[in-house]
Each structure stands twice: as structure tokens, then as C-alpha cells.
$ cat target_28.cif   # mmCIF, C-alpha atoms and all ligand atoms
data_model
#
loop_
_atom_site.label_atom_id
_atom_site.label_comp_id
_atom_site.auth_asym_id
_atom_site.auth_seq_id
_atom_site.Cartn_x
_atom_site.Cartn_y
_atom_site.Cartn_z
CA MET A 1 30.50 6.05 37.85
CA SER A 2 28.46 7.28 34.93
CA THR A 3 25.15 9.08 35.25
CA ILE A 4 22.09 7.41 33.79
CA LEU A 5 20.00 10.02 31.99
CA ASP A 6 16.48 9.01 32.96
CA GLY A 7 14.06 9.83 30.16
CA SER A 8 11.00 8.87 32.17
CA ARG A 9 11.87 11.46 34.82
CA VAL A 10 12.30 14.17 32.18
CA ARG A 11 9.07 13.09 30.45
CA ASP A 12 7.17 13.43 33.74
CA ALA A 13 8.63 16.89 34.31
CA ILE A 14 7.62 17.97 30.76
CA LEU A 15 4.08 16.64 31.22
CA ASN A 16 3.73 18.25 34.66
CA ASP A 17 4.69 21.62 33.17
CA LEU A 18 2.00 21.15 30.51
CA ARG A 19 -0.86 20.36 32.93
CA PRO A 20 -1.57 23.92 34.08
CA ARG A 21 -1.32 25.15 30.46
CA VAL A 22 -3.91 22.57 29.34
CA ALA A 23 -6.13 23.52 32.29
CA ALA A 24 -5.87 27.22 31.41
CA LEU A 25 -6.79 26.60 27.76
CA THR A 26 -9.69 24.34 28.73
CA ALA A 27 -11.02 26.90 31.21
CA ALA A 28 -10.63 29.80 28.77
CA SER A 29 -12.02 28.10 25.68
CA ARG A 30 -11.62 24.38 24.97
CA ALA A 31 -9.20 21.49 25.43
CA PRO A 32 -6.32 21.33 22.92
CA GLY A 33 -7.15 18.91 20.07
CA LEU A 34 -4.89 16.41 18.31
CA ALA A 35 -5.95 14.33 15.29
CA VAL A 36 -3.86 11.29 14.41
CA VAL A 37 -4.23 9.67 11.00
CA LEU A 38 -3.25 6.01 11.06
CA VAL A 39 -3.44 4.28 7.69
CA GLY A 40 -3.69 0.47 7.60
CA ASN A 41 -2.80 -2.15 10.21
CA ASP A 42 0.95 -1.87 10.80
CA PRO A 43 1.35 -3.30 14.35
CA ALA A 44 4.23 -0.99 15.37
CA SER A 45 2.32 2.09 14.15
CA GLN A 46 -0.78 0.92 16.01
CA ILE A 47 1.22 0.75 19.25
CA TYR A 48 2.73 4.22 18.69
CA VAL A 49 -0.70 5.71 18.00
CA ARG A 50 -2.27 3.98 21.00
CA ASN A 51 0.47 5.44 23.23
CA LYS A 52 -0.07 8.92 21.78
CA VAL A 53 -3.83 8.72 22.36
CA LYS A 54 -3.23 7.50 25.92
CA ALA A 55 -0.83 10.38 26.64
CA CYS A 56 -3.47 12.85 25.36
CA ALA A 57 -6.16 11.34 27.60
CA ASP A 58 -3.88 11.51 30.63
CA LEU A 59 -3.18 15.19 30.00
CA GLY A 60 -6.71 16.31 29.08
CA ILE A 61 -5.96 16.82 25.38
CA ALA A 62 -8.90 15.83 23.13
CA SER A 63 -7.56 13.30 20.63
CA GLN A 64 -9.12 11.40 17.80
CA SER A 65 -7.74 8.72 15.48
CA ILE A 66 -8.76 8.51 11.86
CA THR A 67 -8.01 5.04 10.52
CA PRO A 68 -8.46 4.71 6.77
CA PRO A 69 -7.69 1.33 5.11
CA ASP A 70 -4.27 0.71 3.55
CA THR A 71 -5.84 0.78 0.09
CA ILE A 72 -6.38 4.56 0.39
CA SER A 73 -5.16 6.76 -2.47
CA THR A 74 -3.05 9.90 -2.15
CA GLU A 75 -6.03 12.05 -3.17
CA GLU A 76 -8.30 10.48 -0.55
CA LEU A 77 -5.70 11.00 2.17
CA LEU A 78 -5.16 14.59 1.03
CA ALA A 79 -8.92 15.14 1.42
CA ILE A 80 -8.81 13.84 5.02
CA VAL A 81 -5.84 16.07 5.88
CA GLY A 82 -7.56 19.04 4.21
CA GLU A 83 -10.65 18.58 6.33
CA LEU A 84 -8.59 18.34 9.54
CA ASN A 85 -6.74 21.51 8.53
CA ARG A 86 -10.08 23.34 8.36
CA ARG A 87 -11.50 22.01 11.65
CA PRO A 88 -11.37 24.74 14.34
CA ASP A 89 -11.26 22.20 17.20
CA VAL A 90 -8.14 20.47 15.86
CA ASP A 91 -4.82 22.13 16.78
CA GLY A 92 -2.46 19.37 15.72
CA VAL A 93 -2.57 16.97 12.75
CA LEU A 94 -0.23 14.02 12.76
CA VAL A 95 0.04 11.51 9.92
CA GLN A 96 1.65 8.35 11.28
CA LEU A 97 4.48 7.08 9.07
CA PRO A 98 5.17 4.89 7.18
CA LEU A 99 2.38 5.28 4.64
CA PRO A 100 1.52 2.53 2.12
CA GLN A 101 3.59 2.45 -1.05
CA GLN A 102 0.88 3.82 -3.36
CA VAL A 103 0.60 7.00 -1.26
CA ASP A 104 2.87 9.94 -2.03
CA SER A 105 4.14 10.62 1.51
CA ARG A 106 5.81 13.91 0.57
CA ARG A 107 2.59 15.35 -0.83
CA VAL A 108 0.67 14.27 2.26
CA LEU A 109 3.19 15.79 4.71
CA LEU A 110 3.25 18.97 2.61
CA ALA A 111 -0.55 19.18 2.86
CA VAL A 112 -0.60 19.41 6.68
CA ALA A 113 -1.12 23.07 7.60
CA PRO A 114 2.25 24.30 8.98
CA GLU A 115 0.53 25.74 12.07
CA LYS A 116 -0.97 22.29 12.82
CA ASP A 117 2.22 20.36 12.01
CA VAL A 118 2.99 19.07 15.52
CA ASP A 119 5.64 16.67 14.18
CA GLY A 120 7.64 19.58 12.75
CA PHE A 121 8.09 17.76 9.42
CA HIS A 122 6.54 20.35 7.07
CA PRO A 123 9.20 22.01 4.86
CA MET A 124 8.16 25.42 6.20
CA ASN A 125 8.88 24.29 9.75
CA VAL A 126 12.11 22.64 8.62
CA GLY A 127 13.01 26.08 7.25
CA ASN A 128 12.06 27.69 10.56
CA LEU A 129 14.36 25.24 12.33
CA VAL A 130 17.26 25.93 9.97
CA ALA A 131 16.79 29.69 10.38
CA GLY A 132 16.35 29.42 14.15
CA ARG A 133 12.85 30.92 13.92
CA PRO A 134 9.99 29.84 16.21
CA GLY A 135 7.99 26.80 15.16
CA PRO A 136 7.34 23.19 16.14
CA ARG A 137 10.54 21.13 16.34
CA PRO A 138 10.71 17.38 15.55
CA CYS A 139 9.81 15.62 18.79
CA THR A 140 12.70 13.19 19.37
CA PRO A 141 15.55 15.71 18.96
CA ALA A 142 13.58 18.37 20.85
CA GLY A 143 13.14 15.88 23.72
CA ILE A 144 16.87 15.19 23.75
CA MET A 145 17.60 18.92 24.05
CA GLU A 146 15.19 19.08 26.98
CA LEU A 147 16.94 16.10 28.60
CA LEU A 148 20.34 17.81 28.23
CA ARG A 149 18.85 21.00 29.68
CA GLN A 150 17.25 19.30 32.67
CA TYR A 151 20.45 17.43 33.50
CA GLN A 152 22.38 20.70 33.06
CA ILE A 153 24.74 19.15 30.53
CA PRO A 154 26.72 21.94 28.89
CA VAL A 155 26.37 22.11 25.10
CA LEU A 156 27.90 25.50 24.31
CA GLY A 157 31.36 25.14 22.80
CA LYS A 158 31.28 21.32 22.97
CA ARG A 159 32.20 18.97 20.13
CA ALA A 160 29.01 17.09 19.22
CA VAL A 161 28.88 14.16 16.81
CA VAL A 162 25.53 12.97 15.43
CA VAL A 163 25.52 9.60 13.66
CA GLY A 164 22.55 9.43 11.28
CA ARG A 165 21.18 12.08 8.92
CA SER A 166 17.47 11.29 8.71
CA ASP A 167 14.95 14.13 8.43
CA ILE A 168 13.26 12.89 11.62
CA VAL A 169 16.23 12.53 13.96
CA GLY A 170 19.78 13.13 12.67
CA LYS A 171 19.41 16.42 10.76
CA PRO A 172 17.14 18.23 13.23
CA MET A 173 19.29 16.96 16.12
CA ALA A 174 22.41 18.43 14.53
CA LEU A 175 20.63 21.76 13.92
CA LEU A 176 19.33 22.01 17.50
CA LEU A 177 22.81 21.30 18.87
CA LEU A 178 24.23 23.88 16.46
CA HIS A 179 21.72 26.49 17.66
CA ALA A 180 22.81 25.66 21.22
CA HIS A 181 26.36 26.57 20.09
CA ALA A 182 27.92 23.11 19.88
CA THR A 183 30.44 22.42 17.11
CA VAL A 184 28.61 19.70 15.22
CA THR A 185 29.69 16.88 12.91
CA ILE A 186 27.06 14.77 11.12
CA CYS A 187 28.02 11.21 10.20
CA HIS A 188 26.29 8.67 7.96
CA SER A 189 26.86 5.37 6.18
CA ARG A 190 29.59 6.80 3.94
CA THR A 191 31.58 8.56 6.66
CA ALA A 192 35.27 7.60 6.53
CA ASP A 193 36.87 6.54 9.82
CA LEU A 194 33.59 6.57 11.73
CA PRO A 195 35.21 5.39 15.01
CA GLY A 196 37.79 8.21 14.83
CA VAL A 197 35.15 10.87 14.13
CA CYS A 198 32.86 9.55 16.87
CA ARG A 199 35.73 9.63 19.36
CA GLU A 200 35.94 13.40 18.84
CA GLY A 201 32.45 13.77 20.30
CA GLU A 202 32.10 15.16 23.80
CA ILE A 203 28.42 14.64 23.05
CA LEU A 204 27.72 11.60 20.88
CA VAL A 205 24.22 11.02 19.48
CA ALA A 206 23.61 7.63 17.86
CA ALA A 207 20.62 7.39 15.50
CA MET A 208 21.34 4.77 12.86
CA GLY A 209 19.04 1.86 13.67
CA ARG A 210 22.01 -0.57 13.92
CA PRO A 211 21.92 -2.71 17.08
CA ALA A 212 24.84 -2.03 19.45
CA MET A 213 27.03 -0.88 16.55
CA LEU A 214 28.94 1.84 18.41
CA THR A 215 31.33 -0.08 20.64
CA ALA A 216 34.09 1.17 22.98
CA ASP A 217 36.23 2.25 19.97
CA TYR A 218 33.67 4.89 19.04
CA ILE A 219 33.26 6.48 22.46
CA ARG A 220 35.49 9.22 23.81
CA PRO A 221 36.20 8.56 27.51
CA GLY A 222 33.84 10.76 29.55
CA ALA A 223 31.52 11.56 26.62
CA VAL A 224 27.81 12.16 27.09
CA VAL A 225 26.18 9.48 24.95
CA ILE A 226 22.61 9.75 23.68
CA ASP A 227 21.37 6.48 22.23
CA VAL A 228 18.31 7.05 20.02
CA GLY A 229 18.32 3.54 18.53
CA MET A 230 15.38 1.22 19.16
CA ASN A 231 16.16 -2.18 17.70
CA ARG A 232 14.31 -5.38 18.51
CA ILE A 233 16.60 -8.37 18.80
CA THR A 234 15.09 -11.84 18.55
CA ASP A 235 18.27 -13.89 18.19
CA ARG A 236 19.33 -15.27 21.59
CA ALA A 237 23.02 -15.62 20.70
CA GLU A 238 23.15 -12.00 19.51
CA ALA A 239 21.39 -10.81 22.66
CA ALA A 240 23.76 -12.86 24.83
CA ARG A 241 26.75 -11.27 23.08
CA ILE A 242 25.40 -7.70 23.32
CA PHE A 243 24.28 -7.98 26.95
CA ARG A 244 27.28 -10.13 28.02
CA ASP A 245 24.96 -12.91 29.13
CA SER A 246 22.89 -10.63 31.42
CA ALA A 247 20.36 -12.98 32.99
CA GLU A 248 17.78 -10.18 33.24
CA ARG A 249 17.89 -9.22 29.56
CA LEU A 250 17.91 -12.80 28.39
CA ALA A 251 14.91 -13.51 30.62
CA THR A 252 13.12 -10.59 28.87
CA LEU A 253 13.93 -12.14 25.51
CA ASP A 254 12.69 -15.54 26.62
CA ARG A 255 9.48 -14.05 27.99
CA ARG A 256 8.63 -11.65 25.15
CA GLY A 257 10.39 -13.22 22.20
CA SER A 258 12.46 -10.05 21.67
CA VAL A 259 14.56 -7.57 23.57
CA LEU A 260 15.20 -3.90 22.88
CA VAL A 261 18.73 -2.72 22.15
CA GLY A 262 20.03 0.70 21.20
CA ASP A 263 22.61 1.68 18.59
CA VAL A 264 25.39 1.83 21.19
CA ASP A 265 26.89 -1.18 22.92
CA PRO A 266 25.19 -0.95 26.32
CA ILE A 267 28.08 -2.25 28.45
CA ASP A 268 30.80 -0.25 26.65
CA MET A 269 28.63 2.87 26.94
CA GLN A 270 28.18 2.35 30.65
CA GLU A 271 31.92 1.90 31.10
CA LYS A 272 33.18 4.80 28.96
CA ALA A 273 30.53 7.53 29.08
CA SER A 274 30.22 10.11 31.86
CA ALA A 275 26.45 10.11 31.27
CA TYR A 276 24.22 8.12 28.92
CA THR A 277 20.64 7.34 28.00
CA PRO A 278 19.72 3.68 28.59
CA VAL A 279 17.60 1.67 26.16
CA PRO A 280 14.80 1.38 27.08
CA GLY A 281 14.00 4.31 29.38
CA GLY A 282 16.24 6.99 27.87
CA VAL A 283 15.18 8.77 24.67
CA GLY A 284 12.03 6.69 24.11
CA PRO A 285 9.78 8.38 26.71
CA LEU A 286 10.70 11.89 25.51
CA THR A 287 9.19 11.76 22.02
CA ILE A 288 5.54 11.57 23.03
CA ALA A 289 6.07 14.18 25.76
CA MET A 290 7.36 16.62 23.13
CA LEU A 291 4.41 15.78 20.86
CA MET A 292 2.14 16.81 23.71
CA SER A 293 4.21 19.96 24.18
CA ASN A 294 3.95 20.87 20.47
CA THR A 295 0.17 20.26 20.57
CA VAL A 296 -0.33 22.51 23.59
CA ALA A 297 1.85 25.22 22.01
CA ALA A 298 -0.18 24.99 18.77
CA ALA A 299 -3.44 25.31 20.72
CA GLU A 300 -2.15 28.36 22.60
CA GLN A 301 -1.14 29.95 19.30
CA HIS A 302 -4.49 29.17 17.60
CA LEU A 303 -6.51 30.56 20.47
CA ALA A 304 -4.32 33.68 20.64
CA ASP A 305 -4.77 34.19 16.86
CA ARG A 306 -8.57 34.05 16.94
P1 LIG B 1 16.79 6.12 9.28
O1 LIG B 1 15.86 7.06 8.60
O2 LIG B 1 16.89 4.71 8.82
O3 LIG B 1 18.26 6.77 9.20
C1 LIG B 1 19.37 6.08 9.64
C2 LIG B 1 20.61 6.92 9.44
O4 LIG B 1 21.71 6.20 9.97
C3 LIG B 1 20.92 7.23 7.99
O5 LIG B 1 21.32 8.57 7.86
C4 LIG B 1 22.06 6.27 7.65
O6 LIG B 1 23.01 6.79 6.76
C5 LIG B 1 22.74 6.13 9.00
N1 LIG B 1 23.40 4.83 9.08
C6 LIG B 1 22.85 3.60 8.87
N2 LIG B 1 23.80 2.66 8.98
C7 LIG B 1 24.95 3.29 9.28
C8 LIG B 1 26.28 2.87 9.50
N3 LIG B 1 26.60 1.56 9.45
N4 LIG B 1 27.22 3.79 9.77
C9 LIG B 1 26.90 5.10 9.83
N5 LIG B 1 25.66 5.57 9.62
C10 LIG B 1 24.70 4.68 9.35
O7 LIG B 1 16.51 6.05 10.84
P2 LIG B 1 15.84 7.11 11.87
O8 LIG B 1 14.38 7.23 11.58
O9 LIG B 1 16.67 8.34 11.95
O10 LIG B 1 15.99 6.28 13.22
C11 LIG B 1 17.25 5.89 13.73
C12 LIG B 1 17.06 5.01 14.95
O11 LIG B 1 16.40 5.76 15.96
C13 LIG B 1 16.18 3.78 14.73
O12 LIG B 1 16.65 2.73 15.55
C14 LIG B 1 14.82 4.22 15.22
O13 LIG B 1 14.02 3.15 15.66
C15 LIG B 1 15.20 5.10 16.36
N6 LIG B 1 14.20 6.13 16.70
C16 LIG B 1 13.85 6.22 18.01
C17 LIG B 1 12.95 7.18 18.39
C18 LIG B 1 12.58 7.30 19.83
O14 LIG B 1 11.57 7.86 20.17
N7 LIG B 1 13.41 6.76 20.73
C19 LIG B 1 12.38 8.05 17.46
C20 LIG B 1 12.79 7.95 16.13
C21 LIG B 1 13.72 6.99 15.77
P3 LIG B 1 22.67 7.11 5.20
O15 LIG B 1 21.88 8.40 5.22
O16 LIG B 1 24.00 7.28 4.58
O17 LIG B 1 21.88 5.96 4.69
#
$ encode --input "target_28.cif" --output "C-alpha cells" --more "lines below"
Ligand code: NAP
Amino acid sequence: MSTILDGSRVRDAILNDLRPRVAALTAASRAPGLAVVLVGNDPASQIYVRNKVKACADLGIASQSITPPDTISTEELLAIVGELNRRPDVDGVLVQLPLPQQVDSRRVLLAVAPEKDVDGFHPMNVGNLVAGRPGPRPCTPAGIMELLRQYQIPVLGKRAVVVGRSDIVGKPMALLLLHAHATVTICHSRTADLPGVCREGEILVAAMGRPAMLTADYIRPGAVVIDVGMNRITDRAEAARIFRDSAERLATLDRRGSVLVGDVDPIDMQEKASAYTPVPGGVGPLTIAMLMSNTVAAAEQHLADR
């Protein structure tokens, strides 16, 4: 029997730990403040931002969304970020990605004050991560480390394989595992013998955005498998193949027009892993919880620095 690593349970534990810290800040001075900049009308981004705002409200964090049109220029967006950087009631500034094509995303992310960079994407905080110095860590990988910690999954001395090398997930994930003393291999689209390399992983993290790509061949028996992938499948035949005709999943597809699938084959993962994160309900809930955690930590730091 494999253990299901329940992200919702870990999320709730993270949020419950934050509640007294938010209460203490609010009593001593003011509620922590998060500003989210959402450019344009991308439906997926709108859902992400709505969920972030809702999590803030639930926790007592003061949030605000700034929603400029998708015709905004880089300079105009830089001015908005600059103003949020100067606001004393704002502890965290988050610019929701992706930005429209005409906007220079790198310049915008570089403009967020490093001490308000609750996503952990600013190059200075990337440097802090590489050097193992304190600073906000990217939320999804930080949430995965918290999940491993809460389930007491040993990392020290283990062989960890991370598939995906994005700045948001793959690279910071590999660095956090490295700092926790795993022996880490990073794989990507040009990796030779990907199944063979993945099979070396006692901890296997999949973050490619390729529905159910890692099948039994890629999974070492007894591995701990972390499936970061969030892929929406709309094709019924594909869903039937991936979920082996599961009536429940196909009913979800019929009802909603799509069904969520990770980057790892869900049935093979269940059969071969000793523990795994399901999709949905595994990694997904952790990201926003860690955003809240980074915001509270930033507020504590700002109020201590005053
Ligand atoms: P990304 O920026 O598109 O990066 C994907 C990475 O996977 C790249 O490094 C790419 O390699 C690698 N890759 C793609 N196809 C591959 C293949 N066939 N074999 C080996 N490697 C391959 O994606 P991301 O932002 O890191 O996100 C990855 C997945 O995680 C997506 O499904 C995303 O929706 C999900 N995600 C979930 C959460 C959450 O909260 N649960 C948060 C963030 C992301 P190259 O570098 O060589 O191109």
C-alpha cells in the first residue's frame, strides 16, 4: 500500500501555524499586506489571483488587487510596482505571470523590492537560495519541502531526481533538496535515457507540464513521487486511457468539460511508489499556503526593521 501525501492537510497545518503570527502582528501594529498585480483578463490568472485574495481574507492578511489593462506598457507597470515598493502598508508585491508580450517581464520582476518579493523570483533572492542564505523561497518547491517534512520523509543522503528546470519549480526544487542533503539530478527535455535516470530517484519530482508522461518505466519501486504537473485534459479518449476508464474521472470530464492530470501516470504511480502526491489535492494546495507564509514572514521582517 502506498501513502497518499495529502496536500490539503499540510496546507491547513501551515495556515494554522500562521494564524497566531498574523494575530500578533495585527495586535502589535497592523495586518500583513499583500498587493497582487494582475494584468489583463487571462482566465487562469484570474482564478489564481481570486484564490490568493480569498486565502488572504481567510487568514486576516490585507490584500488588494491592481488590475491594469493588457495594453499596459513596461514603463507604466514599472511605475505601479515602484509605488507598491514605497507603500509602508504593503509587505508583499506579487506580479501575476504571464505578462502580455509587449511587457518586459524580466525588468518588471527585477523592479520588485527584494524584501517584498514574496514569490522569491527576484535575482537577489535566487542568489540567496543558491547560497543557502535566508530569504523568500519560491512557493511551490518550498511547499513540497514542507510536505516532505510533515510526512517525515527522509531527504538526507537520498537520490533525488527533478524532471524540469524552470526558474519557478525545477531549479529551486533541486536547490532546496540539495540544501537538505539529497544527491540531486536535474533532468530536462534533452536528457538522455530519461527513464533510466528517473529510475535512480528515491525521490522523484515531476514538473514538466506533460500529461501522465512518467509511466511505470520511470519510477523506481518504492520511490516517493511528487507530481507537480497540472494539465487539463479535454479529450475523452485520452482521459479514458490515462485513468484506465475510471468512471469517477470520466464523470468529472463529462460534467466540467476537462479533467486535471499530473505529469505522472496516476495508476502506475499508485502501484509503484511508496508515497505520492495525487493530482488534484497534492502539490496544488501548498503553493498558496507558502505565499501566505512568505507574506507573513515579510511583514514580521518589515515591522522588526522599523
Ligand atoms: P515550464 O516552465 O514549462 O518548464 C517545463 C520543464 O519541463 C522544462 O525545463 C522542460 O525542459 C521540461 N520538459 C518539458 N518536456 C519534457 C520532456 N518531454 N522530457 C523532459 N523534460 C521535459 O513549466 P513549470 O512552470 O516548471 O511547470 C511545470 C508543471 O508544473 C506544469 O504542469 C505546471 O502547470 C505545474 N505547476 C504546478 C504548480 C502547483 O501549484 N501545483 C505550480 C507551478 C507549476 P527544457 O528546459 O529542456 O525545455
$ residues_near_ligand --input "target_28.cif" --ligand "ligand LIG 1 (chain B)" --cutoff "8 Å" --atoms "all atoms listed in the file" --output "count of residues only"
35
$ residues_around --input "target_28.cif" --residues "stretch 17-28 of chain A" --least-positions-apart "6" --cutoff "9 Å" --atoms "only C-alpha atoms" --output "list in words"
Leu59, Gly60, Ile61, Met292, Ser293, Val296, Ala299, Glu300 and Leu303 of chain A
$ axis_aligned_box --input "target_28.cif" --around "stretch 136-149 of chain A" --padding-each-side "3 Å" --output "lines of an AutoDock Vina configuration file"
center_x = 13.8
center_y = 18.2
center_z = 22.6
size_x = 19.0
size_y = 16.0
size_z = 20.1
$ atom_distance --input "target_28.cif" --atom1 "atom CA of A:Ser65" --atom2 "atom CA of A:Val37"
5.8 Å
$ atom_distance --input "target_28.cif" --atom1 "atom CA of A:Gly157" --atom2 "atom CA of A:Ala182"
4.9 Å
$ closest_residue --input "target_28.cif" --among "A:Thr185, A:Asn125, A:Thr74, A:Ser8" --to "A:Arg106" --atoms "all atoms listed in the file"
A:Thr74
$ residues_around --input "target_28.cif" --residues "stretch 244-257 of chain A" --least-positions-apart "3" --cutoff "9 Å" --atoms "only C-alpha atoms" --output "short mmCIF file (atom, residue, chain, number, x, y, z; two decimals) with C-alpha atoms, keeping the file's coordinate frame"
data_model
loop_
_atom_site.label_atom_id
_atom_site.label_comp_id
_atom_site.auth_asym_id
_atom_site.auth_seq_id
_atom_site.Cartn_x
_atom_site.Cartn_y
_atom_site.Cartn_z
CA ILE A 233 16.60 -8.37 18.80
CA THR A 234 15.09 -11.84 18.55
CA ASP A 235 18.27 -13.89 18.19
CA ARG A 236 19.33 -15.27 21.59
CA ALA A 239 21.39 -10.81 22.66
CA ALA A 240 23.76 -12.86 24.83
CA ARG A 241 26.75 -11.27 23.08
CA LEU A 260 15.20 -3.90 22.88
CA ILE A 267 28.08 -2.25 28.45
#
$ residues_around --input "target_28.cif" --residues "stretch 269-273 of chain A" --least-positions-apart "2" --cutoff "12 Å" --atoms "all atoms listed in the file" --output "number ranges by chain"
A: 1-5, 199, 201-206, 212-227, 242-243, 262-267, 275-279
$ write_last_selection --input "target_28.cif" --atoms "C-alpha atoms" --output "compact mmCIF listing (two decimals), keeping the file's coordinate frame"
# COMPACT_ATOMS: atom_id res chain seq x y z
CA MET A 1 30.50 6.05 37.85
CA SER A 2 28.46 7.28 34.93
CA THR A 3 25.15 9.08 35.25
CA ILE A 4 22.09 7.41 33.79
CA LEU A 5 20.00 10.02 31.99
CA ARG A 199 35.73 9.63 19.36
CA GLY A 201 32.45 13.77 20.30
CA GLU A 202 32.10 15.16 23.80
CA ILE A 203 28.42 14.64 23.05
CA LEU A 204 27.72 11.60 20.88
CA VAL A 205 24.22 11.02 19.48
CA ALA A 206 23.61 7.63 17.86
CA ALA A 212 24.84 -2.03 19.45
CA MET A 213 27.03 -0.88 16.55
CA LEU A 214 28.94 1.84 18.41
CA THR A 215 31.33 -0.08 20.64
CA ALA A 216 34.09 1.17 22.98
CA ASP A 217 36.23 2.25 19.97
CA TYR A 218 33.67 4.89 19.04
CA ILE A 219 33.26 6.48 22.46
CA ARG A 220 35.49 9.22 23.81
CA PRO A 221 36.20 8.56 27.51
CA GLY A 222 33.84 10.76 29.55
CA ALA A 223 31.52 11.56 26.62
CA VAL A 224 27.81 12.16 27.09
CA VAL A 225 26.18 9.48 24.95
CA ILE A 226 22.61 9.75 23.68
CA ASP A 227 21.37 6.48 22.23
CA ILE A 242 25.40 -7.70 23.32
CA PHE A 243 24.28 -7.98 26.95
CA GLY A 262 20.03 0.70 21.20
CA ASP A 263 22.61 1.68 18.59
CA VAL A 264 25.39 1.83 21.19
CA ASP A 265 26.89 -1.18 22.92
CA PRO A 266 25.19 -0.95 26.32
CA ILE A 267 28.08 -2.25 28.45
CA ALA A 275 26.45 10.11 31.27
CA TYR A 276 24.22 8.12 28.92
CA THR A 277 20.64 7.34 28.00
CA PRO A 278 19.72 3.68 28.59
CA VAL A 279 17.60 1.67 26.16
$ atom_distance --input "target_28.cif" --atom1 "atom CA of A:Pro141" --atom2 "atom CA of A:Asn128"
15.0 Å
$ residues_around --input "target_28.cif" --residues "A:Arg86" --least-positions-apart "3" --cutoff "12 Å" --atoms "only C-alpha atoms" --output "number ranges by chain"
A: 79-83, 89-93, 111-113, 115-116
$ build_atoms --input "target_28.cif" --residues "stretch 61-79 of chain A" --atoms "N, CA, C and O atoms" --output "short mmCIF file (atom, residue, chain, number, x, y, z; two decimals), in the coordinates of the input"
data_model
loop_
_atom_site.label_atom_id
_atom_site.label_comp_id
_atom_site.auth_asym_id
_atom_site.auth_seq_id
_atom_site.Cartn_x
_atom_site.Cartn_y
_atom_site.Cartn_z
N ILE A 61 -5.93 16.38 26.78
CA ILE A 61 -5.96 16.82 25.38
C ILE A 61 -7.01 15.96 24.66
O ILE A 61 -7.04 14.74 24.87
N ALA A 62 -7.87 16.59 23.85
CA ALA A 62 -8.90 15.83 23.13
C ALA A 62 -8.24 15.23 21.89
O ALA A 62 -7.74 15.96 21.03
N SER A 63 -8.20 13.90 21.81
CA SER A 63 -7.56 13.30 20.63
C SER A 63 -8.58 12.48 19.86
O SER A 63 -9.58 12.03 20.41
N GLN A 64 -8.31 12.32 18.59
CA GLN A 64 -9.12 11.40 17.80
C GLN A 64 -8.21 10.73 16.77
O GLN A 64 -7.26 11.33 16.28
N SER A 65 -8.51 9.45 16.50
CA SER A 65 -7.74 8.72 15.48
C SER A 65 -8.63 8.54 14.27
O SER A 65 -9.80 8.18 14.40
N ILE A 66 -8.06 8.79 13.11
CA ILE A 66 -8.76 8.51 11.86
C ILE A 66 -8.00 7.35 11.23
O ILE A 66 -6.78 7.42 11.09
N THR A 67 -8.71 6.28 10.93
CA THR A 67 -8.01 5.04 10.52
C THR A 67 -8.48 4.53 9.16
O THR A 67 -9.16 3.51 9.08
N PRO A 68 -8.08 5.20 8.09
CA PRO A 68 -8.46 4.71 6.77
C PRO A 68 -7.75 3.39 6.42
O PRO A 68 -6.68 3.11 6.99
N PRO A 69 -8.32 2.61 5.50
CA PRO A 69 -7.69 1.33 5.11
C PRO A 69 -6.41 1.56 4.31
O PRO A 69 -6.20 2.64 3.76
N ASP A 70 -5.56 0.51 4.24
CA ASP A 70 -4.27 0.71 3.55
C ASP A 70 -4.38 0.73 2.02
O ASP A 70 -3.38 0.84 1.33
N THR A 71 -5.62 0.65 1.54
CA THR A 71 -5.84 0.78 0.09
C THR A 71 -6.09 2.25 -0.30
O THR A 71 -6.32 2.55 -1.46
N ILE A 72 -6.04 3.15 0.65
CA ILE A 72 -6.38 4.56 0.39
C ILE A 72 -5.43 5.16 -0.66
O ILE A 72 -4.25 4.78 -0.75
N SER A 73 -5.99 6.09 -1.45
CA SER A 73 -5.16 6.76 -2.47
C SER A 73 -4.60 8.06 -1.89
O SER A 73 -5.07 8.55 -0.85
N THR A 74 -3.62 8.62 -2.58
CA THR A 74 -3.05 9.90 -2.15
C THR A 74 -4.14 10.96 -2.08
O THR A 74 -4.23 11.72 -1.11
N GLU A 75 -4.99 11.00 -3.12
CA GLU A 75 -6.03 12.05 -3.17
C GLU A 75 -6.99 11.92 -1.99
O GLU A 75 -7.38 12.92 -1.39
N GLU A 76 -7.37 10.68 -1.67
CA GLU A 76 -8.30 10.48 -0.55
C GLU A 76 -7.67 10.92 0.78
O GLU A 76 -8.32 11.56 1.61
N LEU A 77 -6.39 10.61 0.94
CA LEU A 77 -5.70 11.00 2.17
C LEU A 77 -5.54 12.52 2.24
O LEU A 77 -5.69 13.14 3.30
N LEU A 78 -5.28 13.12 1.08
CA LEU A 78 -5.16 14.59 1.03
C LEU A 78 -6.49 15.24 1.45
O LEU A 78 -6.50 16.27 2.12
N ALA A 79 -7.59 14.60 1.07
CA ALA A 79 -8.92 15.14 1.42
C ALA A 79 -9.12 15.08 2.95
O ALA A 79 -9.63 16.03 3.56
#
